[in-house]
>>> print(open('protein09.txt').read())   # compact mmCIF, C-alpha atoms
# COMPACT_ATOMS: atom_id res chain seq x y z
CA MET F 1 -94.46 -145.72 -23.63
CA ILE F 2 -93.29 -149.18 -22.58
CA TRP F 3 -95.46 -151.29 -20.32
CA PRO F 4 -93.42 -152.37 -17.27
CA ARG F 5 -92.46 -156.00 -16.72
CA LEU F 6 -91.23 -157.88 -13.67
CA LEU F 7 -89.18 -160.25 -15.82
CA THR F 8 -87.37 -158.80 -18.82
CA ARG F 9 -87.21 -162.12 -20.65
CA ASN F 10 -90.09 -163.40 -22.77
CA SER F 11 -88.66 -166.90 -23.06
CA VAL F 12 -86.18 -169.28 -21.46
CA HIS F 13 -84.20 -171.85 -23.46
CA PHE F 14 -82.69 -174.63 -21.40
CA PRO F 15 -79.46 -176.15 -22.72
CA LEU F 16 -79.60 -179.70 -24.05
CA THR F 17 -79.96 -181.90 -20.99
CA ALA F 18 -79.08 -185.59 -20.87
CA LEU F 19 -81.93 -187.89 -19.86
CA GLY F 20 -81.80 -188.58 -16.15
CA ASN F 21 -80.04 -185.27 -15.50
CA PHE F 22 -81.27 -181.91 -14.33
CA THR F 23 -80.56 -178.37 -15.56
CA ILE F 24 -81.21 -175.15 -13.65
CA VAL F 25 -81.55 -171.65 -15.12
CA ASN F 26 -81.53 -168.54 -12.93
CA LEU F 27 -84.11 -165.81 -13.56
CA THR F 28 -84.39 -162.40 -11.92
CA LEU F 29 -87.65 -160.78 -10.89
CA ALA F 30 -87.40 -157.01 -10.42
CA ASN F 31 -89.87 -154.42 -9.16
CA PRO F 32 -89.37 -151.33 -11.39
CA THR F 33 -91.80 -149.19 -9.35
CA SER F 34 -91.75 -147.31 -6.08
CA VAL F 35 -94.62 -149.33 -4.56
CA PRO F 36 -94.74 -152.94 -3.28
CA ILE F 37 -96.04 -155.59 -5.69
CA ALA F 38 -97.69 -158.86 -4.69
CA VAL F 39 -96.22 -161.64 -6.85
CA GLN F 40 -97.09 -165.30 -7.33
CA VAL F 41 -95.03 -167.43 -9.73
CA ILE F 42 -96.74 -170.61 -10.96
CA PRO F 43 -95.62 -173.24 -13.50
CA LEU F 44 -98.30 -174.12 -16.04
CA VAL F 45 -98.51 -177.76 -14.87
CA ILE F 46 -100.01 -176.75 -11.50
CA TYR F 47 -102.18 -173.92 -12.83
CA PRO F 48 -105.94 -174.63 -12.77
CA ASP F 49 -107.37 -175.34 -16.26
CA ALA F 50 -103.98 -175.26 -18.00
CA ASP F 51 -105.53 -175.94 -21.44
CA ALA F 52 -107.61 -172.76 -21.26
CA VAL F 53 -104.55 -170.74 -20.21
CA VAL F 54 -102.55 -172.04 -23.18
CA GLU F 55 -105.32 -171.24 -25.66
CA PHE F 56 -105.77 -167.76 -24.18
CA PHE F 57 -102.10 -166.82 -24.55
CA ARG F 58 -101.09 -168.85 -27.63
CA GLU F 59 -101.78 -166.12 -30.22
CA HIS F 60 -100.22 -163.34 -28.14
CA LEU F 61 -96.86 -164.86 -27.26
CA ILE F 62 -93.73 -163.26 -28.74
CA THR F 63 -92.06 -166.68 -28.95
CA PRO F 64 -94.44 -169.47 -29.98
CA LEU F 65 -95.17 -172.65 -28.07
CA THR F 66 -94.12 -175.94 -29.62
CA SER F 67 -96.59 -178.61 -30.70
CA GLU F 68 -95.68 -180.52 -27.52
CA VAL F 69 -96.78 -178.29 -24.63
CA GLU F 70 -96.05 -179.84 -21.23
CA MET F 71 -99.07 -179.71 -18.94
CA ASN F 72 -98.76 -182.97 -16.98
CA GLU F 73 -95.29 -183.75 -15.67
CA THR F 74 -94.74 -181.64 -12.54
CA LEU F 75 -90.95 -182.06 -12.46
CA MET F 76 -90.21 -181.40 -16.14
CA PHE F 77 -90.35 -177.60 -15.73
CA SER F 78 -90.35 -176.74 -12.04
CA LEU F 79 -89.61 -173.93 -9.62
CA ARG F 80 -86.81 -175.19 -7.41
CA ASP F 81 -87.28 -172.69 -4.58
CA THR F 82 -90.85 -173.48 -3.56
CA GLU F 83 -91.71 -175.21 -0.30
CA LEU F 84 -92.66 -178.26 -2.37
CA PHE F 85 -88.94 -179.12 -2.30
CA THR F 86 -86.55 -179.39 0.63
CA LEU F 87 -85.18 -175.91 1.27
CA LYS F 88 -81.95 -174.90 2.96
CA PRO F 89 -82.38 -173.85 6.61
CA ASP F 90 -81.53 -170.24 5.73
CA SER F 91 -83.91 -170.06 2.72
CA PRO F 92 -85.92 -166.81 2.68
CA VAL F 93 -88.86 -168.41 0.80
CA PRO F 94 -91.06 -169.21 3.86
CA ARG F 95 -90.45 -165.73 5.30
CA LEU F 96 -91.35 -164.05 1.99
CA ARG F 97 -94.57 -166.07 1.78
CA GLU F 98 -95.49 -165.14 5.35
CA GLU F 99 -94.89 -161.44 4.61
CA LEU F 100 -97.29 -161.66 1.65
CA GLU F 101 -99.91 -163.53 3.71
CA ALA F 102 -99.73 -160.80 6.36
CA ALA F 103 -100.18 -158.06 3.72
CA ILE F 104 -103.08 -159.63 1.78
CA PRO F 105 -104.24 -161.18 4.28
CA GLN F 106 -105.00 -164.77 3.16
CA THR F 107 -103.27 -168.15 2.97
CA VAL F 108 -100.96 -168.68 -0.02
CA PRO F 109 -100.31 -172.19 -1.47
CA ARG F 110 -96.81 -173.42 -0.64
CA PHE F 111 -96.30 -175.07 -4.03
CA THR F 112 -96.04 -171.61 -5.64
CA LEU F 113 -93.36 -168.98 -5.16
CA SER F 114 -95.19 -166.08 -3.55
CA LEU F 115 -93.79 -162.86 -2.12
CA LEU F 116 -94.26 -159.15 -1.64
CA LEU F 117 -91.75 -157.54 -3.98
CA LYS F 118 -90.67 -154.29 -2.33
CA PRO F 119 -89.84 -151.14 -4.38
CA HIS F 120 -86.83 -151.72 -6.67
CA MET F 121 -86.26 -155.12 -5.05
CA LYS F 122 -84.78 -157.99 -7.08
CA VAL F 123 -85.29 -161.70 -6.44
CA ARG F 124 -83.55 -164.62 -8.10
CA LEU F 125 -85.64 -167.63 -9.20
CA ARG F 126 -84.28 -171.06 -10.01
CA LEU F 127 -86.18 -172.83 -12.77
CA GLY F 128 -85.39 -176.50 -13.37
CA PHE F 129 -85.73 -178.81 -16.37
CA LEU F 130 -85.85 -182.61 -16.12
CA PRO F 131 -86.37 -184.21 -19.56
CA SER F 132 -88.26 -187.45 -20.03
CA ASP F 133 -87.52 -187.98 -23.74
CA TYR F 134 -85.76 -186.43 -26.74
CA THR F 135 -88.70 -184.29 -27.90
CA LEU F 136 -88.47 -180.49 -27.88
CA ARG F 137 -91.09 -179.37 -25.38
CA SER F 138 -92.37 -176.05 -24.17
CA SER F 139 -94.48 -174.78 -21.32
CA LEU F 140 -95.38 -171.55 -19.54
CA LEU F 141 -94.19 -169.90 -16.37
CA LEU F 142 -96.94 -167.58 -15.17
CA ILE F 143 -96.11 -164.52 -13.06
CA ARG F 144 -99.27 -163.23 -11.41
CA ASN F 145 -99.05 -159.78 -9.82
CA ASN F 146 -101.00 -156.60 -9.11
CA LEU F 147 -99.02 -154.47 -11.57
CA THR F 148 -99.18 -156.27 -14.92
CA VAL F 149 -101.82 -158.82 -13.81
CA ILE F 150 -100.12 -161.83 -15.42
CA GLU F 151 -96.89 -162.26 -17.40
CA PRO F 152 -96.44 -165.48 -19.39
CA VAL F 153 -92.88 -166.68 -20.01
CA VAL F 154 -92.35 -169.47 -22.56
CA VAL F 155 -89.85 -172.14 -21.47
CA TYR F 156 -88.23 -174.63 -23.85
CA GLY F 157 -86.26 -177.80 -23.18
CA ARG F 158 -85.15 -180.97 -24.94
CA GLY F 159 -83.59 -184.16 -23.69
CA ALA F 160 -80.22 -185.00 -25.21
CA ARG F 161 -78.72 -188.33 -26.12
CA ILE F 162 -75.51 -189.35 -24.38
CA GLY F 163 -73.25 -191.76 -26.20
CA MET F 164 -69.77 -193.20 -26.07
CA ARG F 165 -67.93 -195.40 -28.55
CA VAL F 166 -64.57 -197.08 -28.23
CA GLU F 167 -62.95 -197.98 -31.54
CA ASN F 168 -66.35 -197.14 -33.08
CA MET F 169 -68.05 -199.86 -31.04
CA GLU F 170 -71.03 -199.29 -28.77
CA ALA F 171 -70.96 -200.20 -25.09
CA ARG F 172 -71.72 -203.87 -24.32
CA SER F 173 -70.84 -204.86 -27.86
CA LYS F 174 -70.43 -208.58 -28.46
CA GLN F 175 -67.22 -207.82 -30.35
CA PRO F 176 -64.34 -207.27 -27.90
CA LEU F 177 -61.51 -204.77 -28.07
CA LEU F 178 -58.84 -207.24 -29.11
CA PHE F 179 -55.16 -207.64 -28.25
CA GLU F 180 -54.05 -210.16 -30.87
CA ILE F 181 -50.56 -211.19 -29.80
CA ARG F 182 -48.74 -212.72 -32.78
CA HIS F 183 -45.56 -214.74 -33.07
CA ASP F 184 -43.53 -211.66 -34.02
CA HIS F 185 -44.61 -209.98 -30.77
CA LEU F 186 -43.12 -212.92 -28.85
CA SER F 187 -39.74 -213.19 -30.56
CA ASP F 188 -38.08 -212.14 -27.29
CA CYS F 189 -39.25 -215.40 -25.72
CA ASN F 190 -36.32 -216.99 -27.55
CA ASN F 191 -33.80 -214.58 -26.04
CA PRO F 192 -31.24 -216.72 -24.11
CA LYS F 193 -30.90 -214.09 -21.40
CA ARG F 194 -34.68 -214.12 -20.88
CA LEU F 195 -34.76 -217.93 -20.81
CA MET F 196 -32.04 -217.83 -18.12
CA HIS F 197 -34.12 -215.25 -16.19
CA LYS F 198 -31.44 -212.60 -16.45
CA LEU F 199 -33.96 -210.01 -17.65
CA SER F 200 -36.38 -208.51 -15.12
CA SER F 201 -38.75 -206.91 -17.65
CA THR F 202 -42.04 -208.58 -18.60
CA LEU F 203 -43.48 -209.17 -22.06
CA THR F 204 -46.09 -206.44 -22.56
CA VAL F 205 -48.15 -205.30 -25.53
CA ARG F 206 -49.58 -201.78 -25.65
CA ARG F 207 -52.52 -200.57 -27.73
CA PRO F 208 -54.27 -197.16 -27.95
CA PHE F 209 -58.08 -197.18 -28.11
CA SER F 210 -60.00 -194.21 -29.52
CA VAL F 211 -62.80 -193.10 -27.18
CA MET F 212 -65.40 -190.92 -28.92
CA ASN F 213 -68.29 -188.83 -27.60
CA SER F 214 -71.05 -189.93 -29.97
CA GLY F 215 -73.78 -188.09 -28.06
CA GLU F 216 -75.15 -184.55 -28.09
CA VAL F 217 -73.73 -183.20 -24.83
CA PRO F 218 -70.23 -183.07 -23.29
CA PHE F 219 -69.28 -185.63 -20.66
CA THR F 220 -66.43 -186.32 -18.27
CA VAL F 221 -65.09 -189.80 -17.62
CA VAL F 222 -64.34 -189.65 -13.92
CA ASN F 223 -63.29 -193.25 -13.18
CA MET F 224 -62.00 -196.27 -15.05
CA SER F 225 -61.95 -199.91 -13.96
CA ILE F 226 -61.23 -203.35 -15.30
CA ASN F 227 -63.62 -205.94 -13.91
CA GLY F 228 -64.44 -203.59 -11.04
CA VAL F 229 -60.80 -202.91 -10.06
CA PRO F 230 -59.44 -199.41 -10.71
CA CYS F 231 -57.00 -199.10 -13.63
CA GLU F 232 -55.48 -202.60 -13.62
CA ASN F 233 -56.74 -206.20 -13.47
CA ARG F 234 -56.38 -209.61 -15.15
CA GLY F 235 -53.21 -208.55 -16.97
CA PHE F 236 -54.77 -205.41 -18.49
CA ARG F 237 -53.60 -201.98 -17.36
CA ILE F 238 -54.87 -198.52 -18.34
CA LEU F 239 -51.74 -196.40 -18.69
CA ASN F 240 -53.40 -192.96 -18.69
CA CYS F 241 -55.91 -193.83 -15.97
CA TYR F 242 -57.17 -190.35 -15.07
CA PRO F 243 -60.30 -188.29 -15.83
CA PHE F 244 -60.86 -186.69 -19.22
CA ARG F 245 -63.62 -184.62 -20.80
CA LEU F 246 -65.02 -184.88 -24.33
CA GLN F 247 -67.19 -182.53 -26.34
CA PRO F 248 -69.63 -184.05 -28.89
CA ASN F 249 -67.72 -185.81 -31.71
CA GLU F 250 -64.39 -185.30 -29.89
CA THR F 251 -62.04 -188.25 -29.35
CA TYR F 252 -59.50 -189.26 -26.74
CA SER F 253 -56.75 -191.87 -26.98
CA LEU F 254 -56.92 -194.35 -24.09
CA ASP F 255 -53.71 -196.37 -23.78
CA VAL F 256 -54.13 -199.91 -22.51
CA ALA F 257 -51.33 -202.42 -21.97
CA TYR F 258 -51.62 -206.18 -21.67
CA THR F 259 -49.10 -208.44 -19.94
CA PRO F 260 -49.89 -212.12 -20.56
CA ASP F 261 -49.14 -214.82 -17.99
CA PHE F 262 -48.96 -217.48 -20.75
CA LEU F 263 -51.22 -219.90 -18.89
CA THR F 264 -54.03 -219.76 -21.44
CA THR F 265 -54.49 -218.76 -25.06
CA THR F 266 -57.39 -216.39 -24.35
CA ASN F 267 -57.99 -213.84 -21.61
CA GLU F 268 -61.09 -211.69 -21.27
CA ALA F 269 -62.09 -208.73 -19.08
CA ASP F 270 -64.41 -205.73 -19.09
CA LEU F 271 -63.25 -202.15 -19.49
CA GLN F 272 -65.60 -199.97 -17.42
CA LEU F 273 -65.78 -196.20 -17.95
CA TYR F 274 -67.81 -194.06 -15.53
CA MET F 275 -69.31 -190.70 -16.54
CA HIS F 276 -69.97 -187.83 -14.15
CA MET F 277 -73.65 -187.77 -15.10
CA ASN F 278 -74.67 -191.29 -14.08
CA GLY F 279 -73.56 -193.98 -11.68
CA SER F 280 -73.56 -196.99 -13.98
CA SER F 281 -70.55 -197.86 -16.11
CA TRP F 282 -70.16 -197.95 -19.88
CA LEU F 283 -68.83 -201.45 -20.40
CA PHE F 284 -66.55 -202.48 -23.27
CA PRO F 285 -65.29 -206.09 -23.40
CA LEU F 286 -61.55 -206.69 -23.73
CA ALA F 287 -59.92 -209.84 -25.03
CA ALA F 288 -56.33 -211.00 -25.63
CA THR F 289 -55.17 -214.01 -27.57
CA VAL F 290 -51.76 -215.77 -27.53
CA PRO F 291 -50.58 -218.44 -30.03
CA GLU F 292 -50.94 -221.83 -28.33
CA ASP F 293 -47.55 -223.08 -29.49
CA MET F 294 -45.82 -220.17 -27.68
CA LEU F 295 -47.38 -220.68 -24.24
CA ALA F 296 -44.81 -223.07 -22.76
CA ARG F 297 -41.72 -221.31 -24.13
CA CYS F 298 -42.90 -217.80 -23.16
CA HIS F 299 -44.02 -218.95 -19.72
CA ARG F 300 -40.51 -220.31 -19.10
CA ALA F 301 -39.12 -216.92 -20.17
CA LEU F 302 -41.12 -214.95 -17.60
CA PRO F 303 -39.06 -213.23 -14.89
CA ARG F 304 -38.98 -215.19 -11.65
CA PRO F 305 -39.91 -213.51 -8.36
CA PRO F 306 -36.86 -212.12 -6.50
CA PHE F 307 -37.54 -214.25 -3.43
CA GLU F 308 -37.65 -217.53 -5.37
CA ASN F 309 -33.96 -218.47 -4.88
CA LEU F 310 -34.07 -217.63 -1.18
CA MET F 311 -37.20 -219.72 -0.75
CA TYR F 312 -35.63 -222.61 -2.69
CA TYR F 313 -32.47 -222.73 -0.60
CA SER F 314 -34.43 -222.27 2.62
CA CYS F 315 -36.57 -225.28 1.77
CA VAL F 316 -33.50 -227.35 0.87
CA THR F 317 -31.79 -226.39 4.13
CA ALA F 318 -34.90 -227.27 6.12
CA LEU F 319 -34.98 -230.74 4.54
CA VAL F 320 -31.32 -231.53 5.27
>>> encode(input="protein09.txt", output="structure tokens")
Amino acid sequence: MIWPRLLTRNSVHFPLTALGNFTIVNLTLANPTSVPIAVQVIPLVIYPDADAVVEFFREHLITPLTSEVEMNETLMFSLRDTELFTLKPDSPVPRLREELEAAIPQTVPRFTLSLLLKPHMKVRLRLGFLPSDYTLRSSLLLIRNNLTVIEPVVVYGRGARIGMRVENMEARSKQPLLFEIRHDHLSDCNNPKRLMHKLSSTLTVRRPFSVMNSGEVPFTVVNMSINGVPCENRGFRILNCYPFRLQPNETYSLDVAYTPDFLTTTNEADLQLYMHMNGSSWLFPLAATVPEDMLARCHRALPRPPFENLMYYSCVTALV
């Protein structure tokens, strides 16, 4: 003979969750009998005398508690459908609580999930995990009822590290991602056609940068900027400027081009990559260097704007 249970699972394992992010797992409560059951679901952190509850159940749990049992942080393991949180206008939670209060009859705390589970009725629960560090933690979800008295469910969760490297460098590194433009890159500056401005193309150097997920969880880069401007700024341009997703240890080739204006030997900017899981950017400094002795010649070889001749002759005509 098997003793009935309202929840078939003895434990819940949350997936690795990046710090500052939130994970939700759905659980199903089911009434296996032909009579109504009064149910109250309570996280351990809001249960009176949590230490005594843990000691009472510790030796009888099918899956053991970890050394770090969470009994203080209310939001680490939390029921997301209680009236402690803002519910949707059509949420059935208040109505279910009121039905139970009418059947008992007594007032039921709104920070628990309380209901009268009708025969063969099923209810979905949303259990949330918000990590505060990288330690594996556990806690209990307690299901009080008038059938099995109390069912403990062990919940586990661990915060995960998020990390990104570009060319094996951490964000905000003092060493920039360098475009070192050498003399051989600028040989076209001596092209007579370019010096006579008969070529409309610019002098551009392209370099791929390897972006690596060095963390423990997948992430998606949703936006890219250079000094706060999407895709292109200060002579730097991201050629494949669109979202991409990386699994842990996976890499992606980000193609960046640099077009110098030959006004200075050094140009610097910040490559900013934005993940879906946080609002702040991962910043990687960019730098480009040009040989000083090539500045004047290459600047003369730059294509002139198409309106330059018209403007020149217009000014001359106006002066005559």
>>> closest_residue(input="protein09.txt", among="F:Pro131, F:Pro260, F:Gly163, F:Pro43", to="Phe111 of chain F", atoms="only C-alpha atoms")
F:Pro43
>>> atom_distance(input="protein09.txt", atom1="atom CA of Thr82 of chain F", atom2="atom CA of Met121 of chain F")
19.0 Å
>>> axis_aligned_box(input="protein09.txt", around="segment 108-118 of chain F", padding_each_side="3 Å", output="lines of an AutoDock Vina configuration file")
center_x = -95.8
center_y = -164.7
center_z = -2.8
size_x = 16.3
size_y = 26.8
size_z = 11.6
>>> closest_residue(input="protein09.txt", among="F:Met294, F:Ile24, F:Val221, F:Ala171", to="Met277 of chain F", atoms="all atoms listed in the file")
F:Val221
>>> closest_residue(input="protein09.txt", among="F:Met164, F:Leu239, F:Leu130, F:Leu295", to="Ala18 of chain F", atoms="only C-alpha atoms")
F:Leu130
>>> residues_around(input="protein09.txt", residues="Pro291 of chain F", least_positions_apart="5", cutoff="12 Å", atoms="all atoms listed in the file", output="PDB file with C-alpha atoms, in the coordinates of the input")
ATOM      1  CA  PHE F 179     -55.160-207.640 -28.250  1.00  0.00           C
ATOM      2  CA  GLU F 180     -54.050-210.160 -30.870  1.00  0.00           C
ATOM      3  CA  ILE F 181     -50.560-211.190 -29.800  1.00  0.00           C
ATOM      4  CA  ARG F 182     -48.740-212.720 -32.780  1.00  0.00           C
ATOM      5  CA  HIS F 183     -45.560-214.740 -33.070  1.00  0.00           C
ATOM      6  CA  ASP F 184     -43.530-211.660 -34.020  1.00  0.00           C
ATOM      7  CA  HIS F 185     -44.610-209.980 -30.770  1.00  0.00           C
ATOM      8  CA  LEU F 186     -43.120-212.920 -28.850  1.00  0.00           C
ATOM      9  CA  PRO F 260     -49.890-212.120 -20.560  1.00  0.00           C
ATOM     10  CA  PHE F 262     -48.960-217.480 -20.750  1.00  0.00           C
ATOM     11  CA  LEU F 263     -51.220-219.900 -18.890  1.00  0.00           C
ATOM     12  CA  THR F 264     -54.030-219.760 -21.440  1.00  0.00           C
ATOM     13  CA  THR F 265     -54.490-218.760 -25.060  1.00  0.00           C
ATOM     14  CA  THR F 266     -57.390-216.390 -24.350  1.00  0.00           C
ATOM     15  CA  ALA F 296     -44.810-223.070 -22.760  1.00  0.00           C
ATOM     16  CA  ARG F 297     -41.720-221.310 -24.130  1.00  0.00           C
ATOM     17  CA  CYS F 298     -42.900-217.800 -23.160  1.00  0.00           C
TER      18      CYS F 298
END
>>> closest_residue(input="protein09.txt", among="F:Met71, F:Leu127, F:Ile226, F:Ala288", to="Asp270 of chain F", atoms="only C-alpha atoms")
F:Ile226
>>> residues_around(input="protein09.txt", residues="Leu136 of chain F", least_positions_apart="4", cutoff="12 Å", atoms="all atoms listed in the file", output="tab-separated table (two decimals) with C-alpha atoms, in the frame of the given file")
chain	number	residue	atom	x	y	z
F	13	HIS	CA	-84.20	-171.85	-23.46
F	14	PHE	CA	-82.69	-174.63	-21.40
F	15	PRO	CA	-79.46	-176.15	-22.72
F	16	LEU	CA	-79.60	-179.70	-24.05
F	17	THR	CA	-79.96	-181.90	-20.99
F	65	LEU	CA	-95.17	-172.65	-28.07
F	66	THR	CA	-94.12	-175.94	-29.62
F	67	SER	CA	-96.59	-178.61	-30.70
F	68	GLU	CA	-95.68	-180.52	-27.52
F	69	VAL	CA	-96.78	-178.29	-24.63
F	70	GLU	CA	-96.05	-179.84	-21.23
F	76	MET	CA	-90.21	-181.40	-16.14
F	129	PHE	CA	-85.73	-178.81	-16.37
F	131	PRO	CA	-86.37	-184.21	-19.56
F	132	SER	CA	-88.26	-187.45	-20.03
F	155	VAL	CA	-89.85	-172.14	-21.47
F	156	TYR	CA	-88.23	-174.63	-23.85
F	157	GLY	CA	-86.26	-177.80	-23.18
F	158	ARG	CA	-85.15	-180.97	-24.94
F	159	GLY	CA	-83.59	-184.16	-23.69
F	160	ALA	CA	-80.22	-185.00	-25.21
>>> closest_residue(input="protein09.txt", among="F:Ser91, F:Asn145, F:Thr289, F:Gln272", to="Leu178 of chain F", atoms="all atoms listed in the file")
F:Thr289
>>> atom_distance(input="protein09.txt", atom1="atom CA of His120 of chain F", atom2="atom CA of Val45 of chain F")
29.7 Å
>>> closest_residue(input="protein09.txt", among="F:Leu302, F:Phe236, F:Val166, F:Val205", to="Asn191 of chain F", atoms="all atoms listed in the file")
F:Leu302
